Structures are given as C-alpha cells and as structure tokens.
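Okay, run_28.txt is below, compact mmCIF, C-alpha atoms:
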# COMPACT_ATOMS: atom_id res chain seq x y z
CA MET A 7 0.00 0.00 0.00
CA ALA A 8 2.76 2.37 0.93
CA LEU A 9 4.68 1.24 -2.10
CA LEU A 10 1.74 2.06 -4.30
CA LEU A 11 1.37 5.50 -2.77
CA ARG A 12 5.08 6.11 -3.10
CA THR A 13 5.02 5.21 -6.78
CA VAL A 14 2.03 7.37 -7.52
CA ALA A 15 3.35 10.26 -5.50
CA ARG A 16 6.77 10.12 -7.08
CA GLN A 17 5.14 10.42 -10.49
CA GLY A 18 3.16 13.35 -9.19
CA LEU A 19 6.34 14.89 -7.82
CA CYS A 20 8.09 14.53 -11.12
CA LEU A 21 5.28 16.35 -12.86
CA SER A 22 5.24 19.23 -10.43
CA ARG A 23 8.97 19.49 -9.97
CA SER A 24 8.93 22.78 -11.76
CA GLN A 25 6.43 24.00 -9.23
CA PHE A 26 8.67 24.01 -6.20
CA GLY A 27 6.42 25.62 -3.65
CA VAL A 28 2.98 25.76 -2.27
CA LEU A 29 0.30 23.19 -3.05
CA TYR A 30 -2.64 25.39 -2.15
CA ARG A 31 -4.67 24.39 -5.13
CA HIS A 32 -4.99 20.86 -3.77
CA ALA A 33 -6.69 22.18 -0.63
CA VAL A 34 -10.47 21.97 -0.31
CA PRO A 35 -12.02 24.48 2.10
CA MET A 36 -14.76 23.19 4.41
CA GLY A 37 -17.71 25.24 5.64
CA THR A 38 -18.28 23.78 9.12
CA THR A 39 -17.15 25.21 12.41
CA ALA A 40 -15.12 23.34 14.99
CA LYS A 41 -18.12 23.24 17.30
CA GLU A 42 -20.33 21.67 14.62
CA GLU A 43 -17.66 19.12 13.89
CA MET A 44 -17.33 18.25 17.57
CA ASN A 45 -21.09 17.79 17.94
CA LYS A 46 -21.20 15.58 14.85
CA PHE A 47 -18.37 13.51 16.31
CA TRP A 48 -20.15 13.04 19.64
CA ALA A 49 -23.50 12.32 18.01
CA LYS A 50 -21.94 9.65 15.81
CA ASN A 51 -20.18 8.07 18.76
CA THR A 52 -23.35 7.93 20.82
CA GLN A 53 -25.41 6.63 17.91
CA LEU A 54 -22.98 3.85 17.11
CA ASN A 55 -22.61 3.04 20.81
CA ARG A 56 -18.85 3.06 20.46
CA PRO A 57 -16.90 1.85 23.48
CA VAL A 58 -14.46 4.29 25.01
CA SER A 59 -10.82 3.24 25.19
CA PRO A 60 -9.49 3.12 28.75
CA HIS A 61 -7.67 6.34 29.53
CA VAL A 62 -7.67 7.54 33.12
CA SER A 63 -7.88 3.97 34.33
CA ILE A 64 -4.68 2.88 32.61
CA TYR A 65 -2.50 5.95 32.08
CA LYS A 66 0.11 6.57 34.71
CA TRP A 67 -0.90 9.54 36.85
CA SER A 68 1.51 12.43 36.95
CA ILE A 69 1.75 15.40 39.31
CA PRO A 70 0.51 17.86 36.64
CA MET A 71 -2.47 15.60 35.93
CA MET A 72 -3.37 15.31 39.59
CA MET A 73 -2.99 19.03 40.16
CA SER A 74 -5.14 19.82 37.16
CA ILE A 75 -8.07 17.71 38.26
CA SER A 76 -7.61 18.98 41.82
CA HIS A 77 -7.95 22.52 40.53
CA ARG A 78 -11.26 21.54 38.98
CA GLY A 79 -12.27 19.55 42.05
CA THR A 80 -11.56 22.39 44.49
CA GLY A 81 -13.33 24.79 42.16
CA VAL A 82 -16.48 22.71 42.03
CA ALA A 83 -16.35 22.06 45.78
CA LEU A 84 -15.90 25.74 46.65
CA SER A 85 -18.64 26.79 44.26
CA SER A 86 -20.99 24.21 45.74
CA GLY A 87 -20.09 25.42 49.21
CA ILE A 88 -20.88 29.01 48.33
CA SER A 89 -24.17 28.00 46.72
CA ALA A 90 -25.08 25.91 49.75
CA PHE A 91 -24.28 28.86 52.01
CA ALA A 92 -26.40 31.20 49.89
CA LEU A 93 -29.28 28.74 49.88
CA ALA A 94 -29.03 28.34 53.64
CA ALA A 95 -29.08 32.12 54.06
CA LEU A 96 -32.35 32.25 52.12
CA VAL A 97 -34.00 29.28 53.80
CA LEU A 98 -32.89 29.24 57.44
CA PRO A 99 -34.91 31.42 59.82
CA GLU A 100 -32.20 32.57 62.25
CA SER A 101 -29.20 34.82 61.70
CA TYR A 102 -25.62 33.81 61.02
CA PRO A 103 -24.22 34.58 64.52
CA TYR A 104 -26.94 32.37 65.99
CA TYR A 105 -25.92 29.36 63.94
CA LEU A 106 -22.24 30.06 64.50
CA ASP A 107 -22.77 29.99 68.26
CA LEU A 108 -24.79 26.82 67.85
CA ILE A 109 -21.88 25.16 66.05
CA HIS A 110 -19.40 26.38 68.64
CA SER A 111 -21.49 24.98 71.47
CA MET A 112 -21.23 21.60 69.76
CA THR A 113 -17.50 21.58 69.01
CA PHE A 114 -15.22 18.96 70.40
CA GLY A 115 -12.28 21.14 71.34
CA PRO A 116 -9.72 23.54 69.90
CA GLN A 117 -8.17 20.88 67.68
CA PHE A 118 -11.49 20.43 65.95
CA LEU A 119 -11.73 24.16 65.32
CA ALA A 120 -8.17 24.34 64.02
CA PHE A 121 -8.77 21.35 61.78
CA SER A 122 -11.99 22.84 60.42
CA LYS A 123 -10.19 26.07 59.61
CA PHE A 124 -7.48 24.10 57.86
CA ALA A 125 -10.10 22.10 55.95
CA LEU A 126 -11.75 25.31 54.78
CA ALA A 127 -8.55 27.19 54.01
CA PHE A 128 -6.89 24.36 52.08
CA PRO A 129 -9.13 24.26 48.99
CA VAL A 130 -9.29 28.06 48.88
CA ALA A 131 -5.51 28.36 49.06
CA TYR A 132 -4.90 25.58 46.54
CA HIS A 133 -7.39 26.91 44.02
CA THR A 134 -6.01 30.44 44.42
CA PHE A 135 -2.35 29.54 44.00
CA ASN A 136 -2.96 27.08 41.19
CA GLY A 137 -5.21 29.74 39.65
CA ILE A 138 -2.25 32.11 39.54
CA ARG A 139 -0.25 29.31 37.90
CA HIS A 140 -3.02 29.04 35.28
CA LEU A 141 -2.93 32.79 34.68
CA ALA A 142 0.82 32.55 34.09
CA TRP A 143 0.14 29.86 31.49
CA ASP A 144 -2.48 32.10 29.91
CA LEU A 145 0.26 34.67 29.46
CA GLY A 146 2.29 31.99 27.72
CA LYS A 147 4.81 31.48 30.49
CA GLY A 148 6.04 28.32 32.12
CA PHE A 149 5.09 25.64 29.63
CA LYS A 150 8.37 23.74 29.60
CA ILE A 151 7.95 20.46 31.44
CA PRO A 152 10.54 21.19 34.18
CA GLU A 153 8.84 24.55 34.69
CA VAL A 154 5.44 22.89 34.94
CA TYR A 155 6.69 20.59 37.68
CA ARG A 156 8.56 23.35 39.49
CA SER A 157 5.58 25.72 39.56
CA GLY A 158 3.42 22.78 40.63
CA TYR A 159 5.61 22.01 43.64
CA ILE A 160 5.69 25.69 44.58
CA VAL A 161 1.87 25.80 44.49
CA ILE A 162 1.65 22.74 46.73
CA ALA A 163 4.17 24.14 49.19
CA LEU A 164 2.48 27.53 49.33
CA THR A 165 -0.91 25.88 49.79
CA VAL A 166 0.22 23.81 52.76
CA LEU A 167 2.03 26.73 54.40
CA THR A 168 -0.85 29.15 53.86
CA SER A 169 -3.43 26.69 55.13
CA ILE A 170 -1.43 26.02 58.27
CA GLY A 171 -0.90 29.73 58.74
CA LEU A 172 -4.59 30.51 58.31
CA ALA A 173 -5.64 27.66 60.58
CA ALA A 174 -3.38 29.03 63.29
CA MET A 175 -4.97 32.47 63.14
CA MET B 13 -9.39 23.07 12.50
CA ALA B 14 -7.15 20.71 10.57
CA ALA B 15 -4.10 22.01 8.84
CA LEU B 16 -2.49 20.48 5.81
CA VAL B 17 -0.75 17.42 7.08
CA ARG B 18 2.69 16.74 5.77
CA LEU B 19 3.13 13.04 6.18
CA SER B 20 6.84 13.33 6.82
CA SER B 21 6.00 15.22 9.97
CA VAL B 22 4.35 12.04 11.20
CA CYS B 23 6.82 9.48 9.96
CA HIS B 24 9.92 8.53 11.91
CA ARG B 25 9.75 11.50 14.25
CA GLY B 26 7.08 10.44 16.67
CA VAL B 27 4.23 12.53 17.82
CA SER B 28 6.01 15.60 19.22
CA PRO B 29 6.44 17.44 15.89
CA LEU B 30 2.67 17.24 15.48
CA LEU B 31 2.09 18.72 18.88
CA PHE B 32 4.43 21.62 18.29
CA ARG B 33 3.26 22.41 14.80
CA SER B 34 2.03 25.92 14.48
CA SER B 35 -1.67 26.25 14.07
CA SER B 36 -1.58 28.18 10.82
CA LEU B 37 -4.46 27.20 8.64
CA ILE B 38 -2.50 26.57 5.48
CA ARG B 39 1.03 25.30 5.56
CA PRO B 40 3.09 25.55 2.43
CA LEU B 41 4.25 22.12 1.41
CA ALA B 42 7.63 22.69 -0.12
CA VAL B 43 8.86 19.65 -1.97
CA GLN B 44 12.51 19.04 -1.36
CA LYS B 45 14.79 16.56 -3.03
CA LYS B 46 16.64 15.72 0.16
CA ASP B 47 13.47 14.69 1.96
CA ARG B 48 14.08 10.98 1.73
CA ASP B 49 12.41 9.58 4.85
CA CYS B 50 8.91 10.12 3.48
CA PRO B 51 8.99 10.74 -0.23
CA TYR B 52 5.24 11.02 -0.64
CA LEU B 53 3.03 13.89 0.33
CA ILE B 54 -0.59 13.91 1.20
CA THR B 55 -3.07 16.74 1.19
CA ALA B 56 -5.97 16.93 3.57
CA LYS B 57 -9.11 18.97 3.65
CA ILE B 58 -8.40 22.27 5.28
CA HIS B 59 -10.73 24.54 7.15
CA ALA B 60 -10.38 27.95 5.64
CA THR B 61 -12.89 30.67 6.16
CA PRO B 62 -14.29 31.37 2.70
CA SER B 63 -14.45 35.00 1.70
CA ASN B 64 -18.23 35.07 1.94
CA TYR B 65 -17.94 34.04 5.61
CA ALA B 66 -15.52 36.84 6.36
CA GLY B 67 -16.91 39.25 8.93
CA SER B 68 -19.74 36.93 10.02
CA GLY B 69 -17.54 35.15 12.57
CA SER B 70 -18.25 35.97 16.18
CA LYS B 71 -15.69 37.06 18.74
CA ALA B 72 -17.98 35.97 21.56
CA ALA B 73 -15.95 32.94 22.62
CA SER B 74 -12.71 34.86 22.59
CA LEU B 75 -14.17 37.73 24.58
CA HIS B 76 -15.65 35.28 27.06
CA TRP B 77 -12.23 33.75 27.60
CA THR B 78 -10.66 37.15 28.19
CA GLY B 79 -13.51 38.09 30.51
CA GLU B 80 -12.91 34.96 32.56
CA ARG B 81 -9.23 35.85 33.05
CA ILE B 82 -9.98 39.47 33.93
CA LEU B 83 -12.56 38.36 36.48
CA SER B 84 -10.03 35.96 38.00
CA VAL B 85 -7.54 38.80 38.45
CA VAL B 86 -10.27 41.02 39.95
CA LEU B 87 -11.19 38.30 42.42
CA LEU B 88 -7.55 37.87 43.32
CA GLY B 89 -7.28 41.55 44.09
CA LEU B 90 -10.52 41.52 46.11
CA ALA B 91 -9.11 39.17 48.73
CA PRO B 92 -6.73 41.64 50.43
CA VAL B 93 -9.28 44.44 49.95
CA ALA B 94 -11.89 42.36 51.75
CA TYR B 95 -9.48 41.75 54.60
CA TYR B 96 -8.50 45.39 55.12
CA TYR B 97 -11.77 47.10 54.14
CA PRO B 98 -14.71 44.91 55.18
CA VAL B 99 -17.39 47.34 53.96
CA PRO B 100 -20.76 46.64 52.27
CA ALA B 101 -19.46 47.73 48.87
CA VAL B 102 -16.81 45.03 49.08
CA ASP B 103 -19.41 42.54 50.32
CA TYR B 104 -21.59 43.02 47.27
CA THR B 105 -18.64 43.10 44.87
CA LEU B 106 -17.39 39.89 46.38
CA ALA B 107 -20.84 38.32 46.03
CA ALA B 108 -20.96 39.26 42.34
CA ALA B 109 -17.39 38.25 41.55
CA LEU B 110 -17.59 34.92 43.38
CA THR B 111 -20.92 34.00 41.79
CA LEU B 112 -19.82 34.91 38.27
CA HIS B 113 -16.45 33.19 38.61
CA GLY B 114 -18.20 30.05 39.85
CA HIS B 115 -20.84 30.30 37.14
CA TRP B 116 -18.29 30.54 34.36
CA GLY B 117 -16.11 27.86 35.92
CA LEU B 118 -18.97 25.38 36.26
CA GLY B 119 -19.99 26.31 32.72
CA GLN B 120 -16.63 25.07 31.48
CA VAL B 121 -17.03 21.84 33.43
CA LEU B 122 -20.43 21.28 31.80
CA THR B 123 -19.02 22.03 28.36
CA ASP B 124 -16.36 19.40 28.93
CA TYR B 125 -18.53 16.59 30.22
CA VAL B 126 -22.08 17.11 28.92
CA HIS B 127 -22.82 16.18 25.31
CA GLY B 128 -25.92 16.27 23.20
CA ASP B 129 -27.95 19.35 22.32
CA PHE B 130 -30.81 18.78 24.76
CA LYS B 131 -28.61 17.76 27.68
CA ILE B 132 -26.36 20.76 27.18
CA LYS B 133 -29.35 23.11 27.16
CA MET B 134 -30.81 21.55 30.30
CA ALA B 135 -27.51 21.57 32.16
CA ASN B 136 -26.87 25.21 31.33
CA ALA B 137 -30.40 26.16 32.37
CA GLY B 138 -29.88 24.40 35.68
CA LEU B 139 -26.56 26.16 36.17
CA PHE B 140 -28.13 29.52 35.42
CA LEU B 141 -30.80 28.84 38.01
CA LEU B 142 -28.20 27.80 40.58
CA SER B 143 -26.09 30.90 39.99
CA THR B 144 -29.11 33.18 40.21
CA VAL B 145 -30.17 31.66 43.53
CA THR B 146 -26.58 31.84 44.77
CA PHE B 147 -26.29 35.53 43.97
CA ALA B 148 -29.70 36.24 45.45
CA GLY B 149 -28.79 34.39 48.62
CA LEU B 150 -25.48 36.19 49.00
CA CYS B 151 -27.10 39.58 48.47
CA TYR B 152 -29.80 38.68 50.98
CA PHE B 153 -27.09 37.69 53.44
CA ASN B 154 -25.25 40.94 52.83
CA TYR B 155 -28.39 42.99 53.36
CA HIS B 156 -30.18 41.22 56.20
CA ASP B 157 -27.31 39.54 57.95
CA VAL B 158 -23.72 40.38 58.86
CA GLY B 159 -22.27 40.32 55.33
CA ILE B 160 -19.59 38.11 53.76
CA CYS B 161 -16.50 39.86 55.15
CA LYS B 162 -17.87 39.94 58.68
CA ALA B 163 -19.02 36.35 58.37
CA VAL B 164 -15.52 35.14 57.56
CA ALA B 165 -14.09 37.27 60.36
CA LEU B 166 -16.59 35.82 62.86
CA LEU B 167 -15.95 32.29 61.67
CA TRP B 168 -12.23 32.75 62.24
CA SER B 169 -12.50 34.58 65.55
CA LYS B 170 -13.30 31.51 67.61

Here is the file; what I need is its structure written in the form of structure tokens.
Amino acid sequence: MALLLRTVARQGLCLSRSQFGVLYRHAVPMGTTAKEEMNKFWAKNTQLNRPVSPHVSIYKWSIPMMMSISHRGTGVALSSGISAFALAALVLPESYPYYLDLIHSMTFGPQFLAFSKFALAFPVAYHTFNGIRHLAWDLGKGFKIPEVYRSGYIVIALTVLTSIGLAAM
Amino acid sequence: MAALVRLSSVCHRGVSPLLFRSSSLIRPLAVQKKDRDCPYLITAKIHATPSNYAGSGSKAASLHWTGERILSVVLLGLAPVAYYYPVPAVDYTLAAALTLHGHWGLGQVLTDYVHGDFKIKMANAGLFLLSTVTFAGLCYFNYHDVGICKAVALLWSK
C-alpha cells in the first residue's frame, strides 16, 4: 500500500517538480465550524454506541495531571459550598451569629476548630495559587515540562504553608 | 481546524512534531529533493474561512475567555481588599465576583462533560438557576445579615 502510494506520489512529484512551492490548489475548504464538527463527532459516537478506550484507568498519573483535576475539584467544591451557604441564608430562619454559636457549642475542642479552619482554608488556598499558575500559562509562560513541575511544587508548598498559617490564626 | 498534514511530519519522528506544529491554517508544502524519509506527500481537507464568511464570525468565545481571566484577576485583588476594608461595597462586589467566577467555571465543566444538544441546554439552564439563587442568597445575606466579610471574620474569631 505504501509502495503504491510512493510510486504514484513520485510520479506526481516529477510532474510538479517545476512548481517548487505551495500546493494550495490541492486544498479543499470546508464550511463547518469546529463546534459543529465536535457535535457531529459526539452524536456519531453515541449513535454507534462506540466503546471508550481506557484512559484515566490505565494511564500513569503524573503530578501535573493530579494538580489539574484537583484545581477543577476544588473549584467545584468551593462553588458548591458558596451556593449551599447562599441557599441556607435564604432558607434558614435565624441569623448567622446564631448558627455560628450553635456550632461552637457543639464543638469537640480547639483541635477540631483548628482542623476545620485548615479544611476550609486548604481548597481556597490551593485553588487560588494554582489559579495564579493558570494565569501565568495564559500569558504563555512556564510551559516547559521542568517549569510545569517546578511551579506545581511551589503551588503545593504555598498551599500547605498558607493553610497552616490561616488555621493558626 | 485541521491544517495540511505533511506526512513526513508524522513518519519517523514520533508525535512531538505534530504537537508543536504551528496552528496556521494553510502550511506551504515545499517539496525538497533531500526529503528521503517520506517521499510522498498527502493533502488533507483544510478549514479555511471562505471569503463570503468573512466578517460573520463571532468574537464571543474569545471575549468570554478574556472576561474569565480578567474576572479571576479582579477576584484575586478583592481578597486583600476584603481583609482590610470589610465594607458593604466590598461585600456586594465579592458576592458578584464569586458568583460569576463560579458560574463561568462550572460552565466550562459542563461544556467538557455534557454532550448532546438537549442535555447541554438543560444543564446550562440548571446552572443559570443555581447561579441566580446563589447571587440572590449572597445579596440577601449581605443585606439582612452580617455580610460576607464579617461572616468570615466571625468564623475565624473563635
């Protein structure tokens, strides 16, 4: 098959040898957008009931991969938390200080409070620092693999330190 | 959008040249005698915007992207402001910025994982509802209760 192609192409090359340059005239423009193409692709897959090749279940996890999904995970979690808080504000009859005192009367000691603060601060800190890392990427900086890992480790370190610091406050 | 694929860029060099190819729509395929590793060329359909399409393209997606980044920077800057100036203006700004940032963020998650015209529409409608209720709740909290900045301060005081 390759041999056939090679033979045919070589003949074609010989013919166009004088035309050293651009082969634009062989290009056929298409009128669909990327979005339309994507939708067609997904519709065809669903319709044909195509199985999906294993990907996350077999590919070796790397730090950048884990940090990326964690950024999404913390984002979704924080957003859900804010929405839950807003919903509670609309639904619950009493005021915020009332419920805060209620929670404090139920706490199991200072360690619990410190841990809760850490648990709240951690996703905020992580999402914030990794967010800055994302903004750097949006500016085109830091795409080399060693840089990706280095910035990743810095984000993790800053997150842990900030969370501990905030929990201690 | 596919670019013209030069087969030699695929042969014998692995995948990385493909990944680092520039995304120009049309790549000139210069035929060179010394290109021995893949002597045949192949042309592919390209996606070029025909002249009658010119001007009808929308910049909406691009502007949305930029808006997302600007909002992220604004939110970043709001954090220290909220700490040092816990006033109602900051409370409401924070409510708006947080809700919008979350709305756009969750929107991207839906775009990634939800497929099919109807499902996408339903998911986005649900998200819109959630974000509206979230903003309403936060504003209610700011007006009738202690406000976001004070709430965080109280939470941390114990």

Box for stretch 84-91 of chain B: with edges along x, y and z, all listed atoms inside and 4 Å added on each side, what are the centre and edge lengths in Å to one decimal, as lines of an AutoDock Vina configuration file?
center_x = -9.2
center_y = 38.8
center_z = 43.4
size_x = 11.9
size_y = 13.6
size_z = 18.7

I'd like the neighbourhood of stretch 151-155 of chain A as a list in words, where a residue qualifies if any of its atoms comes within 12 Å (using all atoms listed in the file), though same-chain residues fewer than 6 positions away should be ignored.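 In the requested format, the answer is Ser68, Ile69, Pro70, Met71, Met72, Met73, Ser74, Asn136, Arg139, His140, Ala142, Trp143, Val161 and Ile162 of chain A.
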
The selected residues should be written to file as a short mmCIF file (atom, residue, chain, number, x, y, z; two decimals), in the coordinates of the input (atoms: C-alpha atoms).
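Below you can see out-v6.cif, which holds the result:
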data_model
loop_
_atom_site.label_atom_id
_atom_site.label_comp_id
_atom_site.auth_asym_id
_atom_site.auth_seq_id
_atom_site.Cartn_x
_atom_site.Cartn_y
_atom_site.Cartn_z
CA SER A 68 1.51 12.43 36.95
CA ILE A 69 1.75 15.40 39.31
CA PRO A 70 0.51 17.86 36.64
CA MET A 71 -2.47 15.60 35.93
CA MET A 72 -3.37 15.31 39.59
CA MET A 73 -2.99 19.03 40.16
CA SER A 74 -5.14 19.82 37.16
CA ASN A 136 -2.96 27.08 41.19
CA ARG A 139 -0.25 29.31 37.90
CA HIS A 140 -3.02 29.04 35.28
CA ALA A 142 0.82 32.55 34.09
CA TRP A 143 0.14 29.86 31.49
CA VAL A 161 1.87 25.80 44.49
CA ILE A 162 1.65 22.74 46.73
#

So what do you get for atom CA of A:Ser63 versus atom CA of A:Ser86, distance-wise?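 So the two atoms, atom CA of A:Ser63 and atom CA of A:Ser86, lie 26.7 Å apart.
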
**Asked** atom CA of B:Ala94 and atom CA of A:Val97, how far apart in Å?
**Response**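 These two atoms are separated by 25.8 Å.
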
Between A:Phe114, A:Phe91, A:Tyr132, A:Phe149, smallest distance to chain B by only C-alpha atoms belongs to A:Phe91

Set the distance at 12 Å and use only C-alpha atoms: which residues neighbour stretch 80-85 of chain B once local chain neighbours fewer than 5 positions away are removed? I'd like the list as a CSV table (one decimal) with C-alpha atoms, in the coordinates of the input.
chain,number,residue,atom,x,y,z
A,133,HIS,CA,-7.4,26.9,44.0
A,134,THR,CA,-6.0,30.4,44.4
A,135,PHE,CA,-2.4,29.5,44.0
A,136,ASN,CA,-3.0,27.1,41.2
A,137,GLY,CA,-5.2,29.7,39.6
A,138,ILE,CA,-2.2,32.1,39.5
A,139,ARG,CA,-0.2,29.3,37.9
A,140,HIS,CA,-3.0,29.0,35.3
A,141,LEU,CA,-2.9,32.8,34.7
A,142,ALA,CA,0.8,32.6,34.1
A,143,TRP,CA,0.1,29.9,31.5
A,144,ASP,CA,-2.5,32.1,29.9
A,145,LEU,CA,0.3,34.7,29.5
B,73,ALA,CA,-16.0,32.9,22.6
B,74,SER,CA,-12.7,34.9,22.6
B,75,LEU,CA,-14.2,37.7,24.6
B,90,LEU,CA,-10.5,41.5,46.1
B,91,ALA,CA,-9.1,39.2,48.7
B,105,THR,CA,-18.6,43.1,44.9
B,106,LEU,CA,-17.4,39.9,46.4
B,108,ALA,CA,-21.0,39.3,42.3
B,109,ALA,CA,-17.4,38.2,41.6
B,110,LEU,CA,-17.6,34.9,43.4
B,111,THR,CA,-20.9,34.0,41.8
B,112,LEU,CA,-19.8,34.9,38.3
B,113,HIS,CA,-16.4,33.2,38.6
B,114,GLY,CA,-18.2,30.0,39.8
B,115,HIS,CA,-20.8,30.3,37.1
B,116,TRP,CA,-18.3,30.5,34.4
B,117,GLY,CA,-16.1,27.9,35.9
B,118,LEU,CA,-19.0,25.4,36.3
B,119,GLY,CA,-20.0,26.3,32.7
B,120,GLN,CA,-16.6,25.1,31.5

| query | Between atom CA of B:Tyr152 and atom CA of A:Leu96, what is the spacing in Å? | reply |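 Computed distance, atom CA of A:Leu96 to atom CA of B:Tyr152, equals 7.0 Å.
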
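Distances from A:Ile88, A:Leu164, A:Ile64, A:Leu108 to chain B were compared using only C-alpha atoms, and the smallest one belongs to A:Ile88.
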
**Request:** Rank B:Gly128, B:Tyr95, B:Gly79, B:Val121 by their smallest atom-to-atom distance to A:Lys50, using only C-alpha atoms, and report the top residue only.
**Result:**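 Counting only C-alpha atoms, the residue closest to A:Lys50 is B:Gly128.
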
Have a look at B:Val164, B:Gly89, B:His156, B:Gly149 and name the one nearest to chain A; count all atoms listed in the file.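 Among the listed residues, B:Gly149 lies closest to chain A.
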
Neighbours of A:Thr168 within 9 Å (all atoms listed in the file; same-chain residues fewer than 4 positions away dropped), as a PDB file with C-alpha atoms, in the frame of the given file?
ATOM      1  CA  ALA A 127      -8.550  27.190  54.010  1.00  0.00           C
ATOM      2  CA  PHE A 128      -6.890  24.360  52.080  1.00  0.00           C
ATOM      3  CA  ALA A 131      -5.510  28.360  49.060  1.00  0.00           C
ATOM      4  CA  ALA A 163       4.170  24.140  49.190  1.00  0.00           C
ATOM      5  CA  LEU A 164       2.480  27.530  49.330  1.00  0.00           C
ATOM      6  CA  LEU A 172      -4.590  30.510  58.310  1.00  0.00           C
ATOM      7  CA  ALA A 173      -5.640  27.660  60.580  1.00  0.00           C
TER       8      ALA A 173
END
